[in-house]
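Asks: Structure: work.csv, CSV, C-alpha atoms.
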```
chain,number,residue,atom,x,y,z
V,1,MET,CA,-23.5,12.2,12.0
V,2,LEU,CA,-19.8,11.3,12.4
V,3,PRO,CA,-18.0,14.5,13.4
V,4,THR,CA,-15.4,15.7,10.9
V,5,ILE,CA,-11.9,16.0,12.3
V,6,GLN,CA,-9.3,18.4,10.9
V,7,THR,CA,-6.3,16.9,9.1
V,8,VAL,CA,-3.0,18.5,9.6
V,9,GLY,CA,-1.7,18.8,6.0
V,10,VAL,CA,-2.8,21.2,3.3
V,11,MET,CA,-3.1,18.5,0.6
V,12,PRO,CA,-6.5,16.8,-0.1
V,13,VAL,CA,-7.1,13.5,1.6
V,14,VAL,CA,-7.9,10.5,-0.6
V,15,VAL,CA,-9.2,7.3,1.0
V,16,GLN,CA,-8.7,4.1,-1.0
V,17,LYS,CA,-10.1,0.8,-0.1
V,18,TYR,CA,-8.7,-2.4,-1.7
V,19,GLY,CA,-10.7,-5.6,-1.6
V,20,GLY,CA,-9.4,-9.1,-1.0
V,21,SER,CA,-8.9,-9.9,-4.7
V,22,SER,CA,-6.8,-6.8,-5.1
V,23,VAL,CA,-4.4,-7.8,-2.4
V,24,ALA,CA,-4.7,-11.6,-3.0
V,25,ASP,CA,-0.9,-12.3,-3.3
V,26,PRO,CA,2.5,-10.6,-3.1
V,27,ASP,CA,2.3,-9.5,-6.8
V,28,ARG,CA,-1.0,-7.9,-6.3
V,29,LEU,CA,0.2,-6.2,-3.1
V,30,GLU,CA,3.2,-4.8,-5.0
V,31,ALA,CA,0.8,-3.4,-7.7
V,32,VAL,CA,-1.3,-1.8,-5.0
V,33,ALA,CA,1.8,-0.3,-3.4
V,34,ASP,CA,2.7,1.2,-6.8
V,35,ARG,CA,-0.8,2.7,-7.1
V,36,VAL,CA,-0.8,4.2,-3.6
V,37,ARG,CA,2.7,5.6,-4.3
V,38,ASP,CA,1.5,7.3,-7.5
V,39,THR,CA,-1.6,8.7,-5.8
V,40,ARG,CA,0.5,10.3,-3.1
V,41,ALA,CA,3.0,11.6,-5.7
V,42,SER,CA,0.2,13.4,-7.5
V,43,GLY,CA,-0.3,15.6,-4.4
V,44,ASN,CA,-2.6,13.8,-2.0
V,45,GLU,CA,-2.5,12.6,1.6
V,46,VAL,CA,-3.5,9.0,1.3
V,47,VAL,CA,-5.4,6.7,3.7
V,48,VAL,CA,-5.7,3.1,2.6
V,49,VAL,CA,-8.2,0.6,3.9
V,50,VAL,CA,-7.4,-3.0,3.2
V,51,SER,CA,-9.3,-6.3,3.3
V,52,ALA,CA,-7.8,-9.7,4.1
V,53,MET,CA,-5.8,-11.3,1.3
V,54,GLY,CA,-7.8,-13.4,-1.1
V,55,GLU,CA,-9.8,-16.2,0.7
V,56,THR,CA,-8.1,-15.6,4.0
V,57,THR,CA,-11.3,-14.9,5.9
V,58,ASP,CA,-13.0,-18.0,4.6
V,59,GLN,CA,-10.0,-20.0,5.6
V,60,LEU,CA,-10.1,-18.7,9.1
V,61,VAL,CA,-13.8,-19.5,9.4
V,62,GLU,CA,-13.0,-23.1,8.3
V,63,LEU,CA,-10.2,-23.3,10.8
V,64,ALA,CA,-12.6,-22.2,13.6
V,65,ALA,CA,-15.0,-24.9,12.5
V,66,GLN,CA,-12.4,-27.6,12.8
V,67,VAL,CA,-11.8,-26.9,16.5
V,68,SER,CA,-15.3,-25.7,17.6
V,69,SER,CA,-18.8,-26.6,16.7
V,70,GLN,CA,-20.0,-23.2,18.0
V,71,PRO,CA,-17.1,-20.7,18.2
V,72,HIS,CA,-17.6,-17.9,20.7
V,73,PRO,CA,-18.5,-14.6,18.9
V,74,ARG,CA,-15.7,-12.8,20.8
V,75,GLU,CA,-13.1,-15.3,19.8
V,76,MET,CA,-14.3,-15.3,16.2
V,77,ASP,CA,-13.8,-11.5,16.0
V,78,MET,CA,-10.3,-12.0,17.5
V,79,LEU,CA,-9.6,-14.6,14.8
V,80,LEU,CA,-11.1,-12.9,11.8
V,81,THR,CA,-9.4,-9.5,12.4
V,82,ALA,CA,-6.0,-11.2,11.9
V,83,GLY,CA,-6.6,-11.3,8.1
V,84,GLU,CA,-6.7,-7.6,7.7
V,85,ARG,CA,-3.7,-7.1,10.1
V,86,ILE,CA,-1.6,-9.3,7.8
V,87,THR,CA,-2.5,-7.3,4.7
V,88,MET,CA,-1.9,-3.9,6.3
V,89,ALA,CA,1.5,-4.8,7.6
V,90,LEU,CA,2.7,-6.2,4.3
V,91,LEU,CA,1.4,-3.2,2.4
V,92,ALA,CA,3.2,-0.8,4.8
V,93,MET,CA,6.4,-2.8,4.2
V,94,ALA,CA,6.0,-2.6,0.4
V,95,LEU,CA,5.5,1.1,0.6
V,96,ASN,CA,8.5,1.7,2.8
V,97,GLU,CA,10.5,-0.4,0.4
V,98,ARG,CA,9.6,2.1,-2.3
V,99,GLY,CA,10.7,5.1,-0.2
V,100,VAL,CA,7.2,6.0,0.8
V,101,PRO,CA,6.8,6.4,4.5
V,102,ALA,CA,3.9,4.4,5.7
V,103,VAL,CA,2.4,3.1,8.9
V,104,SER,CA,-0.3,0.5,9.6
V,105,TYR,CA,-3.1,0.6,12.2
V,106,THR,CA,-5.7,-1.8,13.4
V,107,GLY,CA,-9.2,-0.6,13.7
V,108,SER,CA,-8.8,0.1,17.4
V,109,GLN,CA,-5.5,1.9,16.9
V,110,ALA,CA,-7.1,4.1,14.2
V,111,GLY,CA,-9.9,5.0,16.8
V,112,ILE,CA,-12.8,3.2,15.1
V,113,LEU,CA,-15.2,2.9,17.9
V,114,THR,CA,-18.2,0.6,17.6
V,115,ASP,CA,-21.1,-0.8,19.6
V,116,SER,CA,-20.8,-4.2,21.3
V,117,ALA,CA,-22.3,-6.5,18.6
V,118,HIS,CA,-19.7,-9.1,17.8
V,119,GLY,CA,-19.8,-10.1,14.1
V,120,GLY,CA,-22.0,-7.2,13.1
V,121,ALA,CA,-20.9,-4.1,15.0
V,122,ARG,CA,-21.9,-0.6,13.9
V,123,ILE,CA,-19.4,2.3,13.9
V,124,THR,CA,-20.4,4.9,16.5
V,125,ARG,CA,-17.5,7.3,16.2
V,126,ILE,CA,-14.0,7.6,14.8
V,127,THR,CA,-11.5,9.5,16.9
V,128,GLY,CA,-8.6,9.2,14.4
V,129,GLU,CA,-5.9,11.0,16.4
V,130,ARG,CA,-3.2,8.6,15.2
V,131,VAL,CA,-4.4,8.8,11.6
V,132,THR,CA,-4.3,12.5,11.5
V,133,ALA,CA,-1.0,12.7,13.3
V,134,SER,CA,0.6,10.3,10.9
V,135,LEU,CA,-0.8,12.2,7.9
V,136,GLY,CA,0.7,15.3,9.4
V,137,GLU,CA,4.1,13.6,9.4
V,138,GLY,CA,3.8,12.9,5.7
V,139,LYS,CA,3.0,9.2,6.0
V,140,VAL,CA,0.6,7.0,4.1
V,141,VAL,CA,-1.8,5.6,6.7
V,142,ILE,CA,-3.0,2.0,6.2
V,143,VAL,CA,-6.0,0.9,8.3
V,144,ALA,CA,-7.3,-2.6,8.7
V,145,GLY,CA,-10.8,-2.7,7.4
V,146,PHE,CA,-13.8,-4.7,8.8
V,147,GLN,CA,-12.9,-4.0,12.5
V,148,GLY,CA,-13.1,-1.6,15.4
V,149,VAL,CA,-13.3,-1.7,19.2
V,150,ASP,CA,-16.1,-1.4,21.7
V,151,PRO,CA,-14.8,1.3,24.0
V,152,GLN,CA,-17.1,0.3,26.9
V,153,ARG,CA,-15.7,-3.2,27.1
V,154,ARG,CA,-12.4,-2.7,25.3
V,155,GLU,CA,-13.2,-5.6,23.0
V,156,VAL,CA,-12.3,-6.0,19.4
V,157,THR,CA,-15.3,-6.1,17.1
V,158,THR,CA,-16.0,-6.8,13.4
V,159,LEU,CA,-18.4,-5.0,11.1
V,160,GLY,CA,-19.9,-7.9,9.2
V,161,ARG,CA,-19.7,-8.8,5.6
V,162,GLY,CA,-18.4,-6.0,3.5
V,163,GLY,CA,-17.2,-4.2,6.6
V,164,SER,CA,-14.1,-2.8,4.9
V,165,ASP,CA,-16.2,-0.8,2.5
V,166,THR,CA,-17.9,0.7,5.6
V,167,THR,CA,-14.6,1.4,7.2
V,168,ALA,CA,-13.5,3.4,4.1
V,169,VAL,CA,-16.7,5.4,3.8
V,170,ALA,CA,-16.7,6.2,7.5
V,171,LEU,CA,-13.0,7.3,7.4
V,172,ALA,CA,-13.7,9.5,4.4
V,173,ALA,CA,-16.6,11.1,6.1
V,174,THR,CA,-14.6,11.7,9.3
V,175,LEU,CA,-11.5,13.0,7.5
V,176,GLY,CA,-13.5,15.2,5.1
V,177,ALA,CA,-11.7,13.3,2.2
V,178,SER,CA,-11.9,14.7,-1.3
V,179,SER,CA,-12.3,11.2,-2.7
V,180,CYS,CA,-13.4,7.8,-1.5
V,181,GLU,CA,-12.3,5.1,-3.9
V,182,VAL,CA,-13.5,1.5,-3.5
V,183,LEU,CA,-11.1,-0.5,-5.7
V,184,THR,CA,-12.0,-4.0,-6.6
V,185,ASP,CA,-11.8,-6.7,-9.3
V,186,VAL,CA,-14.7,-5.2,-11.3
V,187,ASP,CA,-14.8,-2.1,-13.4
V,188,GLY,CA,-17.7,-0.4,-11.6
V,189,VAL,CA,-21.4,-0.9,-11.0
V,190,PHE,CA,-23.1,-2.7,-13.9
V,191,THR,CA,-26.8,-2.8,-15.1
V,192,ALA,CA,-26.6,-6.5,-14.1
V,193,ASP,CA,-24.0,-9.1,-13.0
V,194,PRO,CA,-21.7,-9.3,-16.1
V,195,ARG,CA,-20.8,-12.8,-15.2
V,196,VAL,CA,-24.4,-13.8,-16.0
V,197,VAL,CA,-25.3,-11.1,-18.5
V,198,PRO,CA,-22.6,-10.5,-21.1
V,199,ALA,CA,-24.5,-7.5,-22.4
V,200,ALA,CA,-24.5,-5.7,-19.1
V,201,ARG,CA,-23.0,-2.2,-19.2
V,202,LYS,CA,-21.1,-0.2,-16.7
V,203,LEU,CA,-23.0,2.8,-15.2
V,204,GLU,CA,-21.1,6.1,-15.1
V,205,ALA,CA,-23.1,7.2,-12.1
V,206,ILE,CA,-25.9,5.9,-9.8
V,207,GLY,CA,-27.7,7.5,-6.9
V,208,TYR,CA,-27.6,6.3,-3.3
V,209,ALA,CA,-31.2,5.1,-3.3
V,210,ASP,CA,-30.8,2.9,-6.4
V,211,MET,CA,-27.4,1.6,-5.3
V,212,LEU,CA,-28.8,0.7,-1.9
V,213,GLU,CA,-31.7,-1.3,-3.5
V,214,LEU,CA,-29.2,-3.1,-5.8
V,215,ALA,CA,-27.0,-3.9,-2.9
V,216,ARG,CA,-29.8,-5.2,-0.8
V,217,ALA,CA,-31.0,-7.4,-3.7
V,218,GLY,CA,-27.6,-9.1,-4.1
V,219,ALA,CA,-25.4,-6.9,-6.2
V,220,GLY,CA,-22.1,-7.6,-4.4
V,221,VAL,CA,-20.0,-4.7,-5.6
V,222,LEU,CA,-20.9,-2.6,-2.4
V,223,MET,CA,-22.5,-3.8,0.8
V,224,PRO,CA,-25.7,-2.1,1.9
V,225,HIS,CA,-24.3,-0.8,5.2
V,226,SER,CA,-21.5,1.1,3.4
V,227,VAL,CA,-24.1,2.6,1.0
V,228,GLU,CA,-26.2,3.7,4.0
V,229,TYR,CA,-23.1,5.4,5.5
V,230,ALA,CA,-22.3,7.1,2.3
V,231,ARG,CA,-25.8,8.4,1.9
V,232,ASP,CA,-26.2,9.6,5.5
V,233,HIS,CA,-22.8,11.4,5.4
V,234,GLU,CA,-23.0,12.5,1.8
V,235,VAL,CA,-19.8,10.7,0.8
V,236,LEU,CA,-19.3,10.3,-3.0
V,237,VAL,CA,-17.9,6.8,-3.6
V,238,HIS,CA,-16.0,5.9,-6.8
V,239,VAL,CA,-16.2,2.2,-7.5
V,240,ARG,CA,-13.4,1.3,-9.9
V,241,SER,CA,-11.0,-1.5,-10.8
V,242,SER,CA,-7.7,-1.9,-9.0
V,243,PHE,CA,-6.3,-3.6,-12.2
V,244,HIS,CA,-6.3,-0.5,-14.4
V,245,HIS,CA,-6.9,3.3,-14.2
V,246,GLU,CA,-10.1,3.7,-16.2
V,247,PRO,CA,-12.9,5.6,-14.5
V,248,GLY,CA,-15.5,3.4,-12.7
V,249,THR,CA,-18.9,4.4,-11.3
V,250,MET,CA,-19.7,7.4,-9.1
V,251,VAL,CA,-22.2,6.5,-6.4
V,252,GLY,CA,-23.9,9.6,-4.9
V,253,GLY,CA,-26.7,12.1,-5.0
V,254,ASP,CA,-30.3,11.5,-5.9
V,255,SER,CA,-31.4,8.7,-8.1
V,256,GLU,CA,-32.7,9.7,-11.6
V,257,ASP,CA,-36.5,9.8,-11.7
V,258,ALA,CA,-36.9,8.5,-15.3
V,259,GLN,CA,-34.4,5.7,-15.5
V,260,LEU,CA,-34.3,2.0,-15.0
V,261,ALA,CA,-30.9,1.7,-13.3
V,262,GLY,CA,-30.5,-2.1,-13.5
V,263,LEU,CA,-31.3,-5.3,-11.9
V,264,ALA,CA,-29.9,-7.7,-9.4
V,265,HIS,CA,-30.7,-11.4,-8.8
V,266,ALA,CA,-30.4,-13.9,-6.0
V,267,ASN,CA,-30.8,-17.7,-5.8
V,268,LEU,CA,-32.8,-18.6,-2.7
V,269,GLY,CA,-32.9,-22.4,-3.0
V,270,ASP,CA,-35.8,-23.4,-5.2
V,271,VAL,CA,-36.7,-19.8,-5.9
V,272,GLY,CA,-34.8,-17.3,-8.0
V,273,VAL,CA,-35.5,-13.6,-7.3
V,274,ILE,CA,-34.9,-10.8,-9.9
V,275,THR,CA,-35.1,-7.3,-8.5
V,276,LEU,CA,-35.6,-4.4,-10.9
V,277,VAL,CA,-34.4,-1.0,-9.6
V,278,GLY,CA,-35.2,2.4,-10.9
V,279,ALA,CA,-38.1,4.5,-12.0
V,280,ASP,CA,-41.4,2.8,-12.9
V,281,ALA,CA,-40.2,-0.4,-11.3
V,282,ASP,CA,-43.7,-1.8,-11.1
V,283,GLU,CA,-44.4,-1.2,-14.7
V,284,ASN,CA,-41.1,-2.7,-15.7
V,285,ALA,CA,-41.8,-5.8,-13.6
V,286,GLU,CA,-45.1,-6.3,-15.4
V,287,ARG,CA,-43.2,-6.0,-18.7
V,288,ALA,CA,-40.6,-8.4,-17.5
V,289,MET,CA,-43.2,-11.0,-16.6
V,290,ARG,CA,-44.8,-10.8,-20.0
V,291,ILE,CA,-41.3,-11.2,-21.6
V,292,LEU,CA,-40.7,-14.3,-19.5
V,293,GLY,CA,-44.1,-15.7,-20.2
V,294,GLU,CA,-43.6,-15.4,-24.0
V,295,SER,CA,-40.4,-17.5,-23.6
V,296,GLY,CA,-42.2,-20.1,-21.5
V,297,ILE,CA,-40.7,-19.1,-18.1
V,298,GLU,CA,-43.3,-18.9,-15.3
V,299,SER,CA,-42.9,-16.0,-13.0
V,300,SER,CA,-44.8,-14.3,-10.1
V,301,GLU,CA,-44.8,-11.0,-8.3
V,302,GLY,CA,-42.4,-10.8,-5.3
V,303,GLY,CA,-43.2,-7.4,-3.8
V,304,SER,CA,-42.3,-3.8,-4.6
V,305,ALA,CA,-41.4,-0.5,-3.1
V,306,ALA,CA,-40.8,3.1,-4.4
V,307,ARG,CA,-38.0,2.3,-6.9
V,308,MET,CA,-37.9,-1.5,-6.6
V,309,ALA,CA,-40.0,-4.4,-7.8
V,310,ARG,CA,-39.2,-8.2,-7.5
V,311,ILE,CA,-40.3,-11.1,-9.6
V,312,GLU,CA,-39.8,-14.7,-8.8
V,313,VAL,CA,-39.0,-17.6,-11.0
V,314,GLU,CA,-37.8,-21.2,-10.6
V,315,ALA,CA,-34.2,-21.2,-9.6
V,316,SER,CA,-33.3,-23.5,-12.5
V,317,SER,CA,-34.4,-20.8,-14.9
V,318,LEU,CA,-32.9,-17.8,-13.1
V,319,ASP,CA,-29.8,-17.1,-15.2
V,320,VAL,CA,-31.8,-17.4,-18.5
V,321,ALA,CA,-34.5,-15.2,-17.0
V,322,VAL,CA,-32.0,-12.5,-15.9
V,323,ARG,CA,-30.5,-12.3,-19.4
V,324,LEU,CA,-33.9,-12.1,-21.1
V,325,VAL,CA,-35.2,-9.4,-18.8
V,326,HIS,CA,-32.1,-7.3,-18.9
V,327,ASP,CA,-31.6,-7.5,-22.6
V,328,ARG,CA,-35.2,-6.7,-23.5
V,329,LEU,CA,-35.8,-4.0,-20.9
V,330,LEU,CA,-32.5,-2.2,-21.3
V,331,GLY,CA,-32.4,-2.4,-25.1
V,332,MET,CA,-29.7,-5.0,-25.4
V,333,GLU,CA,-29.7,-8.0,-27.7
V,334,ALA,CA,-30.6,-11.2,-26.0
V,335,SER,CA,-27.6,-13.4,-25.3
V,336,LEU,CA,-29.0,-16.7,-24.0
```
Show me this structure written as structure tokens.

Replies:
Amino acid sequence: MLPTIQTVGVMPVVVQKYGGSSVADPDRLEAVADRVRDTRASGNEVVVVVSAMGETTDQLVELAAQVSSQPHPREMDMLLTAGERITMALLAMALNERGVPAVSYTGSQAGILTDSAHGGARITRITGERVTASLGEGKVVIVAGFQGVDPQRREVTTLGRGGSDTTAVALAATLGASSCEVLTDVDGVFTADPRVVPAARKLEAIGYADMLELARAGAGVLMPHSVEYARDHEVLVHVRSSFHHEPGTMVGGDSEDAQLAGLAHANLGDVGVITLVGADADENAERAMRILGESGIESSEGGSAARMARIEVEASSLDVAVRLVHDRLLGMEASL
């Protein structure tokens, strides 16, 4: 367990994480600054975790490939952490411009300690002295996501894909935050990918176990490691849009015993995999295979666990299969 540290102020601490699309350009950064200002004005101490702007991380990876066929993992971590540092500094400037005192910290400055695995480090401890001191001074604290430091070797590390989510959840656990909001470009967690399934509906709540299975199966709204942290440290996570103020999806607690939560899908080359998550997953997978067979789509079993079952189809049929299975099993009209 990450030890909880005491904050100085008497106001509740809110941790907000903003993804790359939410801070993609100066206009979006301005909108985030407004939102953070309003959150603080409503009576909260605010810690903000930021990702790199837009496609910055991908661009940095491409730059590395142009100068090295096999970039050294240490140097890749040094390079990739620059993206979040740019965002945190710009957001701090925007908040100070609004009369909101703010300070930005890298992962190492915030005391995010990790193991030594470059490119996929795990958080071992958060000291957080500078974070709590700055909160006590009435400042908004902005922390660069996705990164930390190995205290044994004094080396910068990165946490792997989705690492900013993990940073936010770990900080919320350590600070005893009243809320951990993951703000992104989607409205919450859906019963399927709404880009593929127009009839997919937003879930008001989902348990850790089901969210973890969806994440592992390819639902990109939260990365598996962040869900594991939230589960292990009992952090309630509110996944919501950064573009409006409507409620999103609460992730936490036990999964419902008698509910099909949703499905995720992944294209693995020639094979498409559909993962059904929730109660009676095996039975629902059998129903799904019958539904596909009636529509002329061949499928096969792909393995199962307690609340998860996979079926496989040809990759060329994947999107149609996902819509068929979702709409029939979850009571929606087919929209092929």

Asks: Looking at all atoms listed in the file, which of V:Gly138, V:Pro151, V:Gly145, V:Gly253 is the one that sits closest to Arg125 of chain V?

Replies: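 Checking each of V:Gly138, V:Pro151, V:Gly145, V:Gly253 against Arg125 of chain V, counting all atoms listed in the file, the winner is V:Pro151.
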
Asks: Which of these, V:Ile86, V:Val186, V:Leu263, V:Leu236, has the shortest distance to His326 of chain V once you count all atoms listed in the file?

Replies: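 Closest to His326 of chain V of all the choices is V:Leu263.
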
Asks: Between V:Leu260, V:Ala281, V:Ala173, V:Ala199, which residue has the minimum interatomic distance to Gly303 of chain V, considering all atoms listed in the file?

Replies: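 Nearest candidate to Gly303 of chain V out of V:Leu260, V:Ala281, V:Ala173, V:Ala199: V:Ala281.
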
Asks: Got a sec: who's within 8 Å of Leu222 of chain V, counting all atoms listed in the file, leaving out chain neighbours fewer than 3 positions off, as a list in words?

Replies: Gly162, Asp165, Ala215, Ala219, Ser226 and Val227 of chain V

Asks: Counting only C-alpha atoms, I want the residues whose atoms come within 10 Å of (-7.0, 2.0, -9.2) in the file frame, returned as a list in words.

Replies: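 Here is the list of nearby residues: Gln16, Lys17, Tyr18, Ser22, Ala31, Val32, Arg35, Val36, Thr39, Glu181, Val182, Leu183, Thr184, Asp185, Asp187, Val239, Arg240, Ser241, Ser242, Phe243, His244, His245, Glu246, Pro247 and Gly248 of chain V.
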
Asks: Considering only C-alpha atoms, state which residue in the set V:Val13, V:Met211, V:Ala261, V:Val23 is at the smallest distance from Ser42 of chain V.

Replies: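 Among V:Val13, V:Met211, V:Ala261, V:Val23, it is V:Val13 that comes nearest to Ser42 of chain V.
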
Asks: Glu312 of chain V: which residues within 12 Å, counting all atoms listed in the file, same-chain residues fewer than 3 positions away excluded, as JSON, numbers by chain?

Replies: {"V": [265, 266, 267, 268, 269, 270, 271, 272, 273, 274, 275, 276, 285, 286, 288, 289, 292, 297, 298, 299, 300, 301, 302, 303, 304, 309, 315, 316, 317, 318, 321, 322]}

Asks: Nearest residue to Val140 of chain V out of V:His238, V:Arg37, V:His233, V:His72, using only C-alpha atoms?

Replies: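 Under the stated criterion, the closest residue is V:Arg37.
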
Asks: For a test of reading the model, state the distance in Å between atom CA of Asn96 of chain V and atom CA of Ala82 of chain V, rounded to one decimal.

Replies: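 Separation of atom CA of Asn96 of chain V and atom CA of Ala82 of chain V: 21.4 Å.
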